[in-house]
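This is query13.cif (mmCIF, C-alpha atoms).
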```cif
data_start
loop_
_atom_site.label_atom_id
_atom_site.label_comp_id
_atom_site.auth_asym_id
_atom_site.auth_seq_id
_atom_site.Cartn_x
_atom_site.Cartn_y
_atom_site.Cartn_z
CA MET A 1 130.15 102.62 46.39
CA ASN A 2 128.08 102.46 43.22
CA GLN A 3 127.36 104.60 40.18
CA GLU A 4 124.80 106.68 42.10
CA TYR A 5 127.48 107.46 44.70
CA TYR A 6 129.99 108.60 42.06
CA SER A 7 127.39 110.66 40.21
CA ARG A 8 126.05 112.39 43.32
CA TYR A 9 129.44 113.67 44.44
CA ALA A 10 131.16 113.97 41.04
CA ARG A 11 131.43 117.77 41.07
CA GLN A 12 133.35 117.81 44.35
CA THR A 13 135.44 114.65 43.96
CA ILE A 14 137.07 116.14 40.84
CA LEU A 15 138.59 118.80 43.08
CA PRO A 16 142.26 117.89 43.65
CA GLN A 17 141.88 118.83 47.33
CA MET A 18 139.03 116.32 47.68
CA GLY A 19 139.18 113.29 45.38
CA LEU A 20 137.57 109.99 46.28
CA GLU A 21 139.74 109.79 49.40
CA GLY A 22 138.21 112.98 50.74
CA GLN A 23 134.72 111.78 49.86
CA GLU A 24 135.30 108.56 51.78
CA LYS A 25 136.34 110.63 54.79
CA LEU A 26 133.08 112.60 54.54
CA THR A 27 131.09 109.36 54.34
CA LYS A 28 132.71 108.10 57.54
CA ALA A 29 132.45 111.43 59.40
CA LYS A 30 130.10 112.15 62.29
CA VAL A 31 129.16 115.81 62.78
CA LEU A 32 126.90 117.27 65.47
CA VAL A 33 125.00 120.50 64.77
CA ILE A 34 123.62 122.54 67.66
CA GLY A 35 120.40 124.22 66.50
CA CYS A 36 118.44 123.89 63.25
CA GLY A 37 117.77 127.60 62.71
CA GLY A 38 119.38 130.44 60.76
CA LEU A 39 122.92 129.04 61.02
CA GLY A 40 122.06 125.39 61.49
CA GLY A 41 119.81 125.20 58.43
CA PRO A 42 122.49 125.92 55.78
CA VAL A 43 125.04 123.89 57.76
CA LEU A 44 122.76 120.85 57.70
CA SER A 45 121.83 121.29 54.05
CA TYR A 46 125.40 121.56 52.79
CA LEU A 47 126.81 118.81 55.00
CA ALA A 48 124.05 116.44 53.91
CA ALA A 49 124.52 117.39 50.26
CA ALA A 50 128.29 116.88 50.58
CA GLY A 51 127.73 113.34 51.89
CA VAL A 52 128.65 113.55 55.57
CA GLY A 53 127.73 110.05 56.73
CA THR A 54 126.24 110.81 60.13
CA ILE A 55 124.70 114.12 61.16
CA GLY A 56 123.47 114.75 64.69
CA LEU A 57 120.88 117.42 65.49
CA ILE A 58 120.18 119.05 68.85
CA GLU A 59 117.02 121.15 68.85
CA PHE A 60 113.86 121.34 70.98
CA ASP A 61 112.10 124.44 69.65
CA THR A 62 109.11 124.70 67.33
CA VAL A 63 108.85 126.68 64.09
CA SER A 64 107.39 130.16 64.47
CA LEU A 65 106.45 132.79 61.91
CA SER A 66 109.33 135.06 62.94
CA ASN A 67 111.83 132.29 62.10
CA LEU A 68 111.03 132.13 58.41
CA HIS A 69 112.87 135.21 57.16
CA ARG A 70 116.23 133.60 57.94
CA GLN A 71 115.61 129.92 58.78
CA ILE A 72 114.96 128.83 55.21
CA ILE A 73 115.05 125.12 55.96
CA PHE A 74 111.46 125.66 57.17
CA GLU A 75 108.28 126.67 55.31
CA THR A 76 105.07 128.43 56.29
CA GLN A 77 103.27 125.09 56.53
CA ASP A 78 105.78 124.01 59.22
CA ILE A 79 104.74 126.67 61.76
CA GLY A 80 104.00 125.06 65.12
CA GLN A 81 105.85 121.84 64.32
CA GLN A 82 109.04 120.56 65.95
CA LYS A 83 112.07 122.00 64.17
CA ILE A 84 114.09 118.83 64.64
CA GLU A 85 111.51 116.66 62.89
CA ILE A 86 111.23 119.02 59.91
CA ALA A 87 115.04 119.28 59.65
CA LYS A 88 115.38 115.50 59.75
CA GLN A 89 112.86 115.14 56.92
CA LYS A 90 114.65 117.76 54.81
CA ILE A 91 118.03 116.07 55.28
CA LYS A 92 116.69 112.64 54.31
CA ALA A 93 114.89 114.11 51.28
CA LEU A 94 118.12 115.77 50.15
CA ASN A 95 120.34 112.76 50.74
CA PRO A 96 118.77 109.47 51.91
CA ASN A 97 122.24 107.99 52.48
CA VAL A 98 122.85 110.23 55.49
CA GLN A 99 122.20 108.80 58.94
CA VAL A 100 120.45 111.38 61.13
CA LEU A 101 120.67 111.22 64.93
CA ALA A 102 118.08 113.54 66.49
CA TYR A 103 118.26 114.82 70.06
CA ASN A 104 114.99 116.59 70.82
CA THR A 105 116.19 118.04 74.10
CA PRO A 106 117.84 121.17 75.49
CA LEU A 107 121.62 120.91 75.55
CA SER A 108 122.83 121.01 79.16
CA SER A 109 125.80 120.28 81.37
CA LYS A 110 124.14 116.96 82.20
CA ASN A 111 123.98 115.59 78.65
CA ALA A 112 126.62 117.49 76.63
CA LEU A 113 129.60 115.22 77.26
CA GLU A 114 127.64 112.04 76.58
CA ILE A 115 126.20 113.37 73.31
CA PHE A 116 129.40 115.05 72.07
CA ALA A 117 131.46 111.90 72.63
CA GLU A 118 129.70 110.23 69.69
CA PHE A 119 130.85 112.81 67.12
CA ASP A 120 134.04 113.98 65.42
CA ILE A 121 133.19 117.68 65.04
CA ILE A 122 130.77 119.99 66.85
CA ILE A 123 129.16 122.92 64.99
CA ASP A 124 127.39 125.56 67.06
CA GLY A 125 124.40 127.23 65.45
CA SER A 126 122.97 128.64 68.67
CA ASP A 127 122.29 132.31 69.42
CA ASN A 128 123.08 132.60 73.12
CA PHE A 129 126.15 132.79 75.33
CA PRO A 130 125.34 129.99 77.81
CA THR A 131 125.21 127.47 74.96
CA ARG A 132 128.41 128.77 73.37
CA TYR A 133 130.37 128.43 76.60
CA LEU A 134 128.87 125.01 77.24
CA VAL A 135 129.80 123.83 73.73
CA ASN A 136 133.31 125.25 74.08
CA ASP A 137 133.99 123.67 77.45
CA ALA A 138 132.60 120.26 76.48
CA CYS A 139 134.75 120.31 73.33
CA GLU A 140 137.83 121.23 75.36
CA ILE A 141 137.22 118.39 77.81
CA LEU A 142 136.67 115.85 75.00
CA ASN A 143 139.25 117.39 72.63
CA LYS A 144 136.72 117.91 69.81
CA PRO A 145 136.99 120.63 67.13
CA PHE A 146 134.34 123.33 67.58
CA VAL A 147 133.18 125.27 64.50
CA TYR A 148 131.86 128.61 65.71
CA GLY A 149 129.53 131.03 63.96
CA ALA A 150 127.64 134.09 65.18
CA ILE A 151 125.53 136.80 63.54
CA HIS A 152 124.23 140.21 64.60
CA GLN A 153 122.49 142.76 62.40
CA PHE A 154 124.91 143.22 59.44
CA GLU A 155 127.88 141.36 60.94
CA GLY A 156 128.96 137.74 61.15
CA GLN A 157 131.86 135.80 62.67
CA VAL A 158 133.36 132.38 61.95
CA SER A 159 136.19 130.49 63.59
CA VAL A 160 137.40 127.00 64.45
CA PHE A 161 138.24 126.41 68.10
CA ASN A 162 140.07 123.62 69.89
CA TYR A 163 141.59 122.23 66.69
CA LYS A 164 145.03 120.64 67.04
CA GLY A 165 145.60 122.47 70.31
CA SER A 166 144.43 125.82 68.96
CA CYS A 167 142.68 128.67 70.75
CA THR A 168 139.25 128.10 72.25
CA TYR A 169 136.22 130.36 72.56
CA ARG A 170 137.43 131.35 76.04
CA ASP A 171 140.62 132.76 74.48
CA LEU A 172 138.34 135.07 72.49
CA TYR A 173 135.86 135.80 75.29
CA ASN A 174 137.06 134.53 78.66
CA THR A 175 133.97 135.91 80.36
CA PRO A 176 130.54 136.58 78.83
CA PRO A 177 129.65 140.11 77.78
CA ASP A 178 126.58 141.85 79.11
CA PRO A 179 123.62 140.76 76.93
CA GLU A 180 122.75 144.46 76.50
CA THR A 181 126.00 144.98 74.58
CA ALA A 182 125.54 141.82 72.50
CA PRO A 183 121.79 141.29 72.04
CA ASN A 184 120.32 138.33 70.19
CA CYS A 185 118.35 138.51 66.95
CA ALA A 186 115.06 139.16 68.73
CA ILE A 187 116.22 142.54 70.02
CA GLY A 188 119.21 143.43 67.83
CA GLY A 189 117.85 142.11 64.55
CA VAL A 190 119.65 140.44 61.66
CA LEU A 191 119.42 140.43 57.89
CA GLY A 192 118.30 136.94 56.84
CA PRO A 193 120.84 136.14 54.11
CA ILE A 194 123.68 136.84 56.54
CA ALA A 195 122.69 133.73 58.48
CA GLY A 196 122.89 131.76 55.22
CA VAL A 197 126.38 133.06 54.42
CA ILE A 198 127.82 132.43 57.90
CA GLY A 199 126.19 129.00 58.15
CA SER A 200 127.62 128.09 54.75
CA LEU A 201 131.08 129.18 55.88
CA GLN A 202 130.74 126.95 58.94
CA ALA A 203 129.92 124.03 56.64
CA VAL A 204 133.01 124.81 54.54
CA GLU A 205 135.24 124.79 57.63
CA ALA A 206 133.81 121.47 58.80
CA ILE A 207 134.43 119.89 55.39
CA LYS A 208 138.01 121.22 55.35
CA ILE A 209 138.66 119.67 58.76
CA ILE A 210 137.14 116.32 57.83
CA CYS A 211 139.06 116.05 54.56
CA GLY A 212 142.32 117.34 55.98
CA MET A 213 142.43 120.33 53.65
CA GLU A 214 144.78 123.22 54.34
CA SER A 215 144.05 126.35 56.35
CA PRO A 216 140.93 125.89 58.45
CA LEU A 217 140.17 129.05 60.48
CA PHE A 218 141.97 128.07 63.68
CA ASN A 219 143.91 130.57 65.81
CA GLU A 220 142.12 133.30 63.88
CA ILE A 221 138.60 134.63 63.43
CA LEU A 222 136.90 135.83 60.28
CA VAL A 223 134.73 138.92 60.79
CA VAL A 224 132.42 139.90 57.94
CA GLU A 225 130.77 143.33 57.83
CA PHE A 226 128.09 142.86 55.18
CA GLN A 227 126.95 146.45 54.78
CA SER A 228 130.38 147.48 53.53
CA MET A 229 131.11 143.90 52.38
CA THR A 230 134.39 143.87 54.29
CA PHE A 231 136.06 140.56 55.16
CA ARG A 232 138.75 140.72 57.84
CA LYS A 233 140.75 138.03 59.65
CA PHE A 234 142.20 138.57 63.10
CA LYS A 235 144.82 136.44 64.81
CA LEU A 236 143.87 134.88 68.14
CA THR A 237 146.35 134.26 70.93
CA LYS A 238 146.07 131.33 73.31
CA ASN A 239 145.94 132.33 76.97
CA SER A 240 148.55 130.04 78.50
CA GLU A 241 147.62 131.17 82.03
CA ARG A 242 143.99 130.15 81.75
CA PRO A 243 143.26 126.95 83.72
CA LYS A 244 142.26 124.00 81.56
CA ILE A 245 138.55 123.20 81.62
CA THR A 246 137.98 119.91 83.43
CA ALA A 247 134.27 120.04 84.35
CA LEU A 248 131.06 121.63 83.14
CA ILE A 249 129.22 124.23 85.21
CA ASP A 250 125.84 126.00 85.36
CA TYR A 251 126.21 128.20 82.27
CA GLU A 252 122.97 130.11 82.71
CA ALA A 253 124.22 131.25 86.11
CA PHE A 254 127.72 131.91 84.74
CA CYS A 255 126.40 134.21 82.01
CA ALA A 256 123.87 135.91 84.29
CA SER A 257 126.25 136.58 87.16
CA LYS A 258 127.47 139.87 85.69
CA THR A 259 124.06 141.25 84.91
CA LYS A 260 121.76 140.27 87.79
CA ASP A 261 120.21 143.35 89.35
CA SER A 262 117.46 144.50 91.68
CA LEU A 263 115.01 144.98 88.80
CA ALA A 264 115.07 141.30 87.89
CA ILE A 265 112.36 138.97 89.08
CA THR A 266 112.64 135.20 88.72
CA LYS A 267 109.89 132.85 87.63
CA ASP A 268 109.42 131.56 91.20
CA GLU A 269 109.23 135.10 92.57
CA PHE A 270 106.72 136.03 89.91
CA MET A 271 104.52 133.02 90.61
CA ALA A 272 104.41 133.94 94.32
CA LEU A 273 103.20 137.50 93.71
CA GLU A 274 99.64 138.64 94.36
CA LYS A 275 98.48 139.27 90.80
CA GLU A 276 96.08 142.05 91.80
CA ASN A 277 99.11 144.13 92.87
CA ILE A 278 100.90 144.04 89.52
CA ASP A 279 100.47 145.23 85.96
CA LEU A 280 101.88 142.51 83.69
CA ILE A 281 102.92 143.72 80.23
CA ASP A 282 104.21 141.66 77.30
CA ILE A 283 106.54 143.95 75.30
CA ARG A 284 107.01 141.54 72.39
CA GLU A 285 105.46 142.01 68.97
CA ASP A 286 101.79 141.17 68.44
CA TYR A 287 102.48 137.95 66.56
CA GLU A 288 104.76 136.73 69.36
CA HIS A 289 102.06 137.41 71.94
CA GLU A 290 99.51 135.51 69.86
CA GLU A 291 101.78 132.49 69.51
CA PHE A 292 102.24 132.14 73.28
CA ASN A 293 101.93 134.41 76.32
CA ILE A 294 101.53 134.27 80.10
CA GLY A 295 98.82 136.89 80.23
CA GLY A 296 98.83 140.62 80.75
CA GLU A 297 98.54 143.45 78.26
CA ASN A 298 100.50 143.37 75.00
CA ILE A 299 102.33 146.64 74.29
CA PRO A 300 105.25 146.19 71.84
CA MET A 301 108.53 147.70 72.96
CA ASP A 302 108.63 150.37 70.25
CA GLU A 303 105.13 151.58 71.19
CA PHE A 304 105.86 151.95 74.91
CA GLU A 305 106.98 155.57 75.03
CA ASP A 306 103.57 157.11 75.79
CA VAL A 307 102.42 154.47 78.31
CA ASN A 308 101.54 155.80 81.76
CA LEU A 309 102.50 153.38 84.52
CA ARG A 310 100.24 153.17 87.54
CA PRO A 311 102.21 154.24 90.65
CA ASN A 312 100.14 152.08 93.02
CA LYS A 313 101.06 148.88 91.20
CA THR A 314 104.31 147.16 90.25
CA THR A 315 104.69 147.01 86.49
CA ILE A 316 106.36 143.77 85.39
CA LEU A 317 107.62 143.62 81.83
CA TYR A 318 108.29 140.38 80.03
CA CYS A 319 109.59 139.20 76.66
CA ALA A 320 110.96 135.90 75.31
CA SER A 321 114.11 135.76 77.42
CA GLY A 322 114.33 138.87 79.63
CA ILE A 323 116.78 140.78 77.42
CA ARG A 324 114.31 143.18 75.79
CA SER A 325 112.34 143.70 79.01
CA LYS A 326 115.50 144.46 80.97
CA THR A 327 116.54 147.04 78.40
CA LEU A 328 113.14 148.72 78.50
CA ALA A 329 112.92 148.66 82.31
CA LYS A 330 116.27 150.48 82.58
CA LYS A 331 115.18 152.98 79.93
CA ILE A 332 111.98 153.71 81.88
CA LEU A 333 113.90 154.21 85.13
CA LYS A 334 116.39 156.50 83.46
CA ALA A 335 113.53 158.76 82.36
CA ASN A 336 111.60 158.36 85.64
CA PRO A 337 113.72 157.18 88.61
CA ASN A 338 110.60 156.78 90.75
CA ALA A 339 108.88 154.34 88.38
CA ASN A 340 107.80 151.08 90.03
CA VAL A 341 108.95 148.75 87.26
CA ARG A 342 110.66 145.37 87.12
CA TYR A 343 111.26 142.71 84.45
CA LEU A 344 110.78 138.95 84.33
CA ASP A 345 114.28 137.48 84.12
CA CYS A 346 113.64 134.06 82.60
CA SER A 347 112.71 132.36 79.35
CA LEU A 348 109.02 132.03 78.51
CA LYS A 349 109.80 128.42 77.60
CA GLU A 350 109.91 127.74 81.33
CA PHE A 351 106.16 128.35 81.44
CA ILE A 352 105.32 125.87 78.69
#
```
Representation of the structure as structure tokens:
Amino acid sequence: MNQEYYSRYARQTILPQMGLEGQEKLTKAKVLVIGCGGLGGPVLSYLAAAGVGTIGLIEFDTVSLSNLHRQIIFETQDIGQQKIEIAKQKIKALNPNVQVLAYNTPLSSKNALEIFAEFDIIIDGSDNFPTRYLVNDACEILNKPFVYGAIHQFEGQVSVFNYKGSCTYRDLYNTPPDPETAPNCAIGGVLGPIAGVIGSLQAVEAIKIICGMESPLFNEILVVEFQSMTFRKFKLTKNSERPKITALIDYEAFCASKTKDSLAITKDEFMALEKENIDLIDIREDYEHEEFNIGGENIPMDEFEDVNLRPNKTTILYCASGIRSKTLAKKILKANPNANVRYLDCSLKEFI
């Protein structure tokens, strides 16, 4: 410790709940953040600024134009670059005393336990159910606190799971909901500042846990409705009959098992098709199509109403993950039960 150390953290060490003892705990802490986007960006910024000694990052995506309205850790000049590298640079520029451990890889059942074991707290900034269940189960197996955050349109949620024997994410959602009822930002939308607020609250909860402050959000969940600016806390009850998690599973399959249907076509099935017998249509926005596509015509989802499908060909819709295309395929069939339409049920990242 030197004068620079005292000066940097002076405004938080004067808090009676913090003091130099709390600051020393932050310096020794190791926190892993899943994702460097809308939630992860403010989490990383505030943890680094607060002086968390070691911050781990898991991210393998690149910066795109559509990220910038809510992922303010990135700038226009960063488009096309690896998110994890930009985030690492921003953290070191903010606080060079922080050690950054970067994992430029998808989080999976094969690497989660090994990576998580190195950290004290896990913070999830992802936007999909397979990752949330994977994070939850790995934290339960390793007995690590899991700081949860989620956003959708004008709503956000924050909680702390698996803390001192508290409830876990599976006590809130034992099984995954249908993606159509809980769409991600790409289809459901979100107001950018909401990501900043929820990510900041996740950072607050992590700091409270590290420093041993009172009342982290365990055994309860904070739900914020931003349009009416209503903050509500709900108690969570631990399901004593639920079997303890002892091993990780295939979470993509687990979350897809409830929603797989005859309209879905896998990547392998798609690749085996005779292309002259299909009409391939990208229903994403124009800028998404320009960034990366697998061919076909680009007709954004909200412009699809007047499109006439050719009855002698199978129309295959695709988007970034299959969620938007599934929704549109079902909408088309509802209006025209005889339509020959299917959707590509996989992530476009599989084609990269």
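Of the residues under consideration (A:Leu94, A:Ile14, A:Ala138, A:Ala102), A:Ala138 shows the shortest atom-to-atom contact distance to A:Ala117 when counting only C-alpha atoms.
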key: Residue neighbourhood A:Gly199, 6 Å, only C-alpha atoms, exclusion window fewer than 5 positions, as a ChimeraX atom specification   = /A:39,42-43
Output the selection as a PDB file, keeping the file's coordinate frame - C-alpha atoms for each residue.
```pdb
ATOM      1  CA  LEU A  39     122.920 129.040  61.020  1.00  0.00           C
ATOM      2  CA  PRO A  42     122.490 125.920  55.780  1.00  0.00           C
ATOM      3  CA  VAL A  43     125.040 123.890  57.760  1.00  0.00           C
TER       4      VAL A  43
END
```
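Every residue that the PyMOL selection byres ((chain A and resi 51-58) around 6) selects in this file is listed here: A:Leu26, A:Thr27, A:Lys28, A:Ala29, A:Lys30, A:Val31, A:Leu32, A:Val33, A:Ile34, A:Gly35, A:Leu47, A:Ala48, A:Ala49, A:Ala50, A:Glu59, A:Val98, A:Gln99, A:Val100, A:Leu101, A:Ala102, A:Tyr103.
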Show me a table, sorted first by chain and then by increasing residue number, of the residues of stretch 59-154 of chain A having an atom at most 10 Å from stretch 280-299 of chain A, each with its shortest atom pair and the distance in Å to one decimal, counting only C-alpha atoms and written as a Markdown table.
```
| residue | atom | partner | partner_atom | distance |
| --- | --- | --- | --- | --- |
| A:Ser64 | CA | A:Glu291 | CA | 7.9 |
| A:Leu65 | CA | A:Tyr287 | CA | 8.0 |
| A:Ser66 | CA | A:Glu288 | CA | 8.1 |
| A:Gly80 | CA | A:Glu291 | CA | 8.9 |
```
inquiry  = Measuring between all atoms listed in the file, which one of A:Leu248, A:Phe146, A:Leu317, A:Glu155 shows the shortest distance to A:Asn111?
reply    = A:Leu248
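Counting from atom CA of A:Ala203, the distance to atom CA of A:Pro145 is 13.1 Å.
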remark   = note - atom CA of A:Ser108 and atom CA of A:Leu68 are separated by 26.3 Å
query = Written as a ChimeraX atom specification, what is the full residue list that the PyMOL selection byres ((chain A and resi 209) around 12) yields on the file shown?
reply = /A:17-18,22,25-26,29-31,120-123,144-147,160-164,202-208,210-218
request  = Evaluate the PyMOL selection byres ((chain A and resi 70-79) around 6) here and jot the selected residues down as a PyMOL selection string.
outcome  = chain A and resi 37-38+41+63-64+67-69+80-81+192
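Interatomic distance, atom CA of A:Glu220 to atom CA of A:Glu114: 28.7 Å.
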remark   = If you count only C-alpha atoms, the residue of A:His152, A:Cys255, A:Leu309, A:Ile194 closest to A:Tyr173 turns out to be A:Cys255
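The shortest atom-to-atom distance to A:Phe304, with only C-alpha atoms taken into account, belongs to A:Ile332 out of A:Asp127, A:Ile316, A:Ile332, A:Leu273.
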